[in-house]
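data.txt, holding compact mmCIF, C-alpha atoms:
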```txt
# COMPACT_ATOMS: atom_id res chain seq x y z
CA MET A 1 -7.60 -123.03 40.95
CA ALA A 2 -10.28 -125.06 39.17
CA THR A 3 -8.94 -127.45 36.55
CA SER A 4 -10.09 -129.85 33.84
CA ASP A 5 -10.71 -132.38 36.61
CA ASP A 6 -13.69 -130.20 37.55
CA GLY A 7 -15.02 -130.29 34.00
CA GLY A 8 -13.18 -127.14 32.88
CA ASN A 9 -10.34 -126.31 30.50
CA LYS A 10 -7.06 -128.18 31.07
CA TYR A 11 -4.90 -125.10 30.48
CA ARG A 12 -7.06 -122.46 32.19
CA SER A 13 -8.87 -122.35 35.50
CA TYR A 14 -12.39 -121.08 36.24
CA LEU A 15 -13.97 -122.45 33.07
CA THR A 16 -16.12 -125.19 34.61
CA PRO A 17 -19.70 -125.57 33.35
CA GLU A 18 -20.87 -123.60 36.39
CA ASP A 19 -18.33 -120.83 35.68
CA LEU A 20 -19.44 -120.61 32.07
CA LYS A 21 -23.05 -120.23 33.18
CA THR A 22 -22.60 -117.69 36.00
CA THR A 23 -19.80 -115.46 34.63
CA GLN A 24 -20.57 -112.18 32.88
CA TRP A 25 -18.81 -112.43 29.50
CA ARG A 26 -18.06 -109.69 26.97
CA ALA A 27 -19.35 -111.73 24.04
CA GLY A 28 -20.41 -115.07 25.46
CA PRO A 29 -18.20 -117.83 26.93
CA PRO A 30 -14.88 -118.32 25.07
CA ASP A 31 -14.33 -121.56 23.16
CA TYR A 32 -10.67 -122.63 23.29
CA THR A 33 -11.04 -125.82 21.23
CA VAL A 34 -9.18 -124.53 18.16
CA ILE A 35 -6.42 -122.60 19.94
CA ASP A 36 -5.72 -125.44 22.40
CA LYS A 37 -5.25 -127.89 19.52
CA PHE A 38 -2.96 -125.38 17.80
CA PHE A 39 -1.03 -124.89 21.05
CA GLU A 40 -0.51 -128.63 21.51
CA GLU A 41 0.73 -129.03 17.94
CA GLY A 42 3.19 -126.14 18.07
CA ARG A 43 4.52 -125.91 21.62
CA THR A 44 8.17 -126.64 22.35
CA LYS A 45 7.69 -127.56 26.02
CA VAL A 46 5.40 -130.05 27.74
CA TRP A 47 5.55 -129.34 31.45
CA PRO A 48 5.06 -132.15 34.02
CA SER A 49 1.79 -132.16 35.94
CA GLY A 50 2.19 -130.35 39.25
CA SER A 51 5.40 -128.57 38.22
CA LEU A 52 6.09 -124.88 38.84
CA GLU A 53 6.18 -124.34 35.07
CA GLU A 54 2.71 -125.84 34.63
CA TYR A 55 1.38 -123.67 37.47
CA VAL A 56 2.82 -120.49 35.93
CA GLN A 57 1.55 -121.31 32.44
CA ASN A 58 -1.93 -122.03 33.80
CA LEU A 59 -1.91 -118.79 35.80
CA VAL A 60 -0.85 -116.69 32.80
CA LYS A 61 -3.41 -118.26 30.46
CA THR A 62 -6.17 -117.90 33.05
CA TRP A 63 -5.26 -114.26 33.73
CA GLU A 64 -5.30 -113.52 30.00
CA MET A 65 -8.68 -115.23 29.65
CA GLU A 66 -10.18 -113.08 32.40
CA LEU A 67 -8.67 -109.86 31.08
CA VAL A 68 -9.92 -110.43 27.53
CA HIS A 69 -13.26 -112.16 28.01
CA LYS A 70 -14.79 -111.26 31.39
CA SER A 71 -16.85 -108.06 31.46
CA ASN A 72 -17.14 -107.68 35.23
CA PRO A 73 -13.83 -107.05 37.07
CA ASP A 74 -15.46 -108.14 40.33
CA GLN A 75 -15.52 -111.66 38.88
CA TYR A 76 -11.78 -111.76 38.19
CA LYS A 77 -10.23 -114.49 40.34
CA THR A 78 -6.56 -114.25 39.34
CA LEU A 79 -5.99 -110.61 40.28
CA ASP A 80 -6.86 -107.88 42.78
CA PRO A 81 -8.86 -105.40 40.64
CA LYS A 82 -8.27 -102.49 43.04
CA LYS A 83 -4.48 -102.79 43.19
CA PHE A 84 -3.64 -104.33 39.80
CA VAL A 85 -1.28 -102.49 37.43
CA LEU A 86 0.15 -103.55 34.06
CA GLY A 87 3.37 -102.20 32.55
CA ILE A 88 5.10 -102.61 29.19
CA ASN A 89 8.87 -102.39 28.79
CA GLY A 90 9.37 -100.62 32.12
CA LYS A 91 7.52 -97.48 31.04
CA LYS A 92 4.00 -96.31 31.90
CA TYR A 93 1.82 -98.52 34.12
CA PHE A 94 -1.90 -98.92 33.60
CA THR A 95 -4.58 -99.67 36.17
CA LEU A 96 -7.28 -102.21 35.34
CA GLU A 97 -9.66 -99.37 34.52
CA GLU A 98 -7.11 -97.71 32.23
CA THR A 99 -6.39 -101.03 30.53
CA GLY A 100 -10.08 -101.34 29.71
CA LYS A 101 -10.28 -97.79 28.34
CA ILE A 102 -7.25 -98.37 26.09
CA GLY A 103 -8.96 -101.38 24.58
CA GLY A 104 -7.53 -104.40 26.38
CA SER A 105 -4.75 -106.81 25.59
CA TYR A 106 -3.37 -105.95 22.13
CA ASN A 107 -3.68 -102.20 22.53
CA VAL A 108 -1.70 -102.41 25.77
CA PHE A 109 0.90 -104.92 24.56
CA LEU A 110 1.52 -102.91 21.37
CA GLN A 111 2.03 -99.55 23.05
CA THR A 112 4.68 -97.45 21.31
CA SER A 113 6.52 -94.14 21.55
CA LEU A 114 6.74 -93.80 17.76
CA PRO A 115 5.17 -90.67 16.23
CA PRO A 116 1.63 -91.46 14.98
CA LYS A 117 2.59 -91.11 11.29
CA LEU A 118 5.20 -93.88 11.66
CA ARG A 119 2.90 -96.39 13.36
CA PHE A 120 2.00 -99.45 11.29
CA TYR A 121 -0.35 -100.44 14.11
CA ASP A 122 -1.58 -97.51 16.18
CA PRO A 123 -3.12 -98.59 19.52
CA ASP A 124 -4.41 -95.04 20.05
CA GLN A 125 -6.71 -95.46 17.05
CA GLU A 126 -7.96 -98.99 17.84
CA THR A 127 -10.75 -100.15 20.17
CA TYR A 128 -11.12 -103.47 21.96
CA GLU A 129 -13.45 -104.67 19.20
CA SER A 130 -11.33 -103.49 16.27
CA SER A 131 -8.10 -104.94 17.68
CA GLN A 132 -9.69 -108.30 18.46
CA THR A 133 -11.26 -108.45 14.99
CA ALA A 134 -8.00 -107.52 13.25
CA PHE A 135 -5.87 -110.19 14.89
CA ARG A 136 -8.51 -112.90 14.75
CA GLN A 137 -8.52 -112.28 11.02
CA VAL A 138 -4.71 -112.44 10.79
CA PHE A 139 -4.46 -115.60 12.93
CA PRO A 140 -7.60 -117.73 12.34
CA ARG A 141 -6.07 -120.65 14.28
CA GLY A 142 -4.97 -118.34 17.08
CA PHE A 143 -1.88 -116.64 18.46
CA ALA A 144 -0.74 -119.23 20.97
CA LEU A 145 1.25 -118.76 24.15
CA GLU A 146 3.66 -121.04 25.97
CA VAL A 147 5.93 -120.54 28.96
CA VAL A 148 9.39 -121.69 27.89
CA GLN A 149 11.31 -121.09 31.12
CA VAL A 150 10.51 -120.06 34.71
CA TYR A 151 13.22 -118.24 36.65
CA SER A 152 11.43 -117.76 39.98
CA GLY A 153 8.19 -118.83 41.63
CA PRO A 154 5.63 -116.86 43.62
CA PRO A 155 5.26 -114.34 45.10
CA VAL A 156 7.41 -112.76 42.34
CA ILE A 157 7.22 -114.92 39.22
CA ALA A 158 9.70 -114.28 36.41
CA TYR A 159 9.43 -116.24 33.17
CA LYS A 160 10.23 -116.30 29.46
CA TYR A 161 7.38 -116.78 27.01
CA ARG A 162 6.75 -117.43 23.34
CA HIS A 163 3.75 -116.32 21.26
CA TRP A 164 3.27 -117.77 17.79
CA GLY A 165 0.79 -118.00 14.95
CA TYR A 166 0.55 -118.37 11.18
CA MET A 167 -0.55 -115.45 9.03
CA ASP A 168 -3.36 -117.39 7.40
CA GLY A 169 -5.53 -114.29 7.13
CA SER A 170 -5.14 -110.74 5.87
CA TYR A 171 -4.27 -107.60 7.80
CA LYS A 172 -5.95 -104.53 6.27
CA ASP A 173 -4.63 -104.48 2.67
CA LEU A 174 -1.90 -107.06 3.34
CA PRO A 175 -2.79 -110.57 2.12
CA PRO A 176 -2.10 -113.84 3.96
CA THR A 177 1.42 -115.25 3.71
CA GLY A 178 0.92 -118.48 5.64
CA GLU A 179 4.23 -117.81 7.39
CA LEU A 180 5.02 -118.44 11.04
CA ILE A 181 5.19 -115.30 13.18
CA GLU A 182 6.86 -115.63 16.60
CA MET A 183 7.28 -113.21 19.47
CA PHE A 184 9.48 -113.87 22.51
CA GLY A 185 9.55 -111.89 25.74
CA MET A 186 10.01 -111.82 29.49
CA ALA A 187 7.41 -111.16 32.16
CA ILE A 188 7.19 -110.58 35.89
CA PHE A 189 4.02 -111.31 37.87
CA GLU A 190 3.81 -110.10 41.48
CA LEU A 191 1.28 -111.83 43.75
CA ASN A 192 -0.05 -110.71 47.12
CA GLU A 193 -0.50 -112.85 50.27
CA GLU A 194 -3.77 -114.21 48.82
CA SER A 195 -1.98 -115.30 45.60
CA LYS A 196 -3.78 -112.59 43.62
CA ILE A 197 -1.85 -110.75 40.91
CA VAL A 198 -1.20 -107.10 41.78
CA LYS A 199 1.46 -106.18 39.22
CA VAL A 200 2.43 -107.44 35.77
CA GLU A 201 5.37 -106.31 33.65
CA PHE A 202 6.04 -107.42 30.09
CA PHE A 203 9.30 -106.85 28.23
CA HIS A 204 9.21 -107.51 24.49
CA ASP A 205 9.84 -106.06 21.04
CA ARG A 206 6.50 -105.41 19.36
CA GLY A 207 8.39 -105.32 16.06
CA GLU A 208 8.71 -109.13 16.18
CA LEU A 209 4.96 -109.34 15.60
CA LEU A 210 4.46 -106.40 13.27
CA ALA A 211 7.49 -107.18 11.07
CA GLY A 212 5.95 -110.54 10.25
CA LEU A 213 2.80 -108.82 8.98
CA LEU A 214 4.81 -106.34 6.89
CA LYS A 215 6.38 -109.13 4.84
CA ALA A 216 3.14 -109.40 2.88
CA LYS A 217 2.63 -107.33 -0.26
CA PRO A 218 -0.50 -105.11 -0.43
CA SER A 219 -3.57 -106.67 -2.01
CA GLU A 220 -7.02 -105.41 -2.92
CA SER A 221 -8.72 -108.48 -1.43
CA VAL A 222 -9.52 -108.77 2.27
CA ALA A 223 -10.57 -111.97 4.05
CA THR A 224 -13.53 -112.32 6.41
CA PRO A 225 -12.73 -112.32 10.14
CA SER A 226 -12.78 -115.52 12.19
CA GLY A 227 -14.41 -115.56 15.61
CA CYS A 228 -12.42 -117.90 17.86
CA PRO A 229 -10.33 -116.95 20.89
CA PHE A 230 -6.85 -116.46 19.51
CA MET A 231 -4.45 -115.76 22.37
CA ALA A 232 -2.98 -118.06 24.98
```

File written out as structure tokens:
Amino acid sequence: MATSDDGGNKYRSYLTPEDLKTTQWRAGPPDYTVIDKFFEEGRTKVWPSGSLEEYVQNLVKTWEMELVHKSNPDQYKTLDPKKFVLGINGKKYFTLEETGKIGGSYNVFLQTSLPPKLRFYDPDQETYESSQTAFRQVFPRGFALEVVQVYSGPPVIAYKYRHWGYMDGSYKDLPPTGELIEMFGMAIFELNEESKIVKVEFFHDRGELLAGLLKAKPSESVATPSGCPFMA
């Protein structure tokens, strides 16, 4: 995979100047300057160069970048778009096409079996644009990701991860609290003989994220959304 040595991003592959120019992006090339600084300040692990942990973390961040920001699946380089499926908590699995229809990353990761009237965040009522806007507003500095432990390497990668961010922005009528919100989970990535991802499974409690937002007391004021990439 392309690295910062090729003029790209040091935590994600396929972001060289040539990639930025030739890739079809949803809303222009992503700028990871803010989130990478936040990641470096808040991570609990610094993996050695060339280690399995560094490889897995780079793969996960690159996969997330493609899923969120690339508009043309034929340009995805981390996964096989025809065979790829994504599952949450061992339940329903989504194809790449279905993932796009649901509204991408947050609407998939926050799937729930709760009745609609009990949903604080309802992925069935959110679009890609509304979910991205909502969480960019909540986490102006980003919602960072680190791999904290790797249990097995390819072709079946199993690892533990940590997401974190500070609620520096509002969520709907809930004002900023400035508090740290963390979310831990496990994931399994299955790769084919070409090292392309064909299956991803995430196991986490979405309540870890949403409970942090609910600590705030309702307010009449709402902040203006920020526009930086916020995950990974």

Can you list every residue of segment 163-222 of chain A that has an atom at most 12 Å from segment 101-112 of chain A, with its nearest atom pair and the distance in Å to one decimal, using all atoms listed in the file, ordered by chain then number, as CSV?
```
residue,atom,partner,partner_atom,distance
A:Met183,CA,A:Phe109,CA,11.6
A:Gly185,CA,A:Phe109,CA,11.2
A:Ala187,CA,A:Phe109,CA,11.8
A:Val200,CA,A:Phe109,CA,11.6
A:Glu201,CA,A:Phe109,CA,10.2
A:Phe202,CA,A:Phe109,CA,8.0
A:Phe203,CA,A:Phe109,CA,9.4
A:His204,CA,A:Phe109,CA,8.7
A:Asp205,CA,A:Leu110,CA,8.9
A:Arg206,CA,A:Leu110,CA,5.9
A:Gly207,CA,A:Leu110,CA,9.0
A:Glu208,CA,A:Leu110,CA,10.8
A:Leu209,CA,A:Leu110,CA,9.3
A:Leu210,CA,A:Leu110,CA,9.3
```

Need the axis-aligned box for segment 70-89 of chain A with 4 Å each side, so what are the centre and edges in Å to one decimal, as AutoDock Vina command-line options?
```
--center_x -4.1 --center_y -108.3 --center_z 36.0 --size_x 34.0 --size_y 20.3 --size_z 22.4
```

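Distance annotation: of A:Asn58, A:Lys83, A:Asp173, A:Leu67, the residue with the minimal separation from Thr99 of chain A is A:Leu67; atom set is all atoms listed in the file.
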
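When atom CA of Glu190 of chain A is paired with atom CA of Val56 of chain A, their separation reads 11.8 Å.
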
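Nearest to Val147 of chain A of all the residues A:Met186, A:Leu15, A:Leu20, A:Leu191 is A:Met186, based on all atoms listed in the file.
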
task: Considering all atoms listed in the file, return as an MDAnalysis selection string whatever protein or nucleic-acid residues lie within 12 Å of His163 of chain A, sequence-local ones (same chain, fewer than 3 positions apart) excluded.
output: chainID A and resid 38:39 42:44 61 139 142:148 160 166 180:186 204:206 208:209 230:232

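Taking all atoms listed in the file into account, Tyr76 of chain A lies nearest to A:Leu96 out of the set A:Leu52, A:Leu96, A:Ile35, A:Ala134.
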
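Of note, atom CA of Arg119 of chain A and atom CA of Lys217 of chain A are spaced 17.5 Å apart.
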
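Counting only C-alpha atoms and comparing A:Tyr93, A:Gly28, A:Glu41, A:Ile88, the residue that lies closest to Lys70 of chain A is A:Gly28.
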
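Take atom CA of Gly87 of chain A and atom CA of Ala211 of chain A: the distance between them is 22.4 Å.
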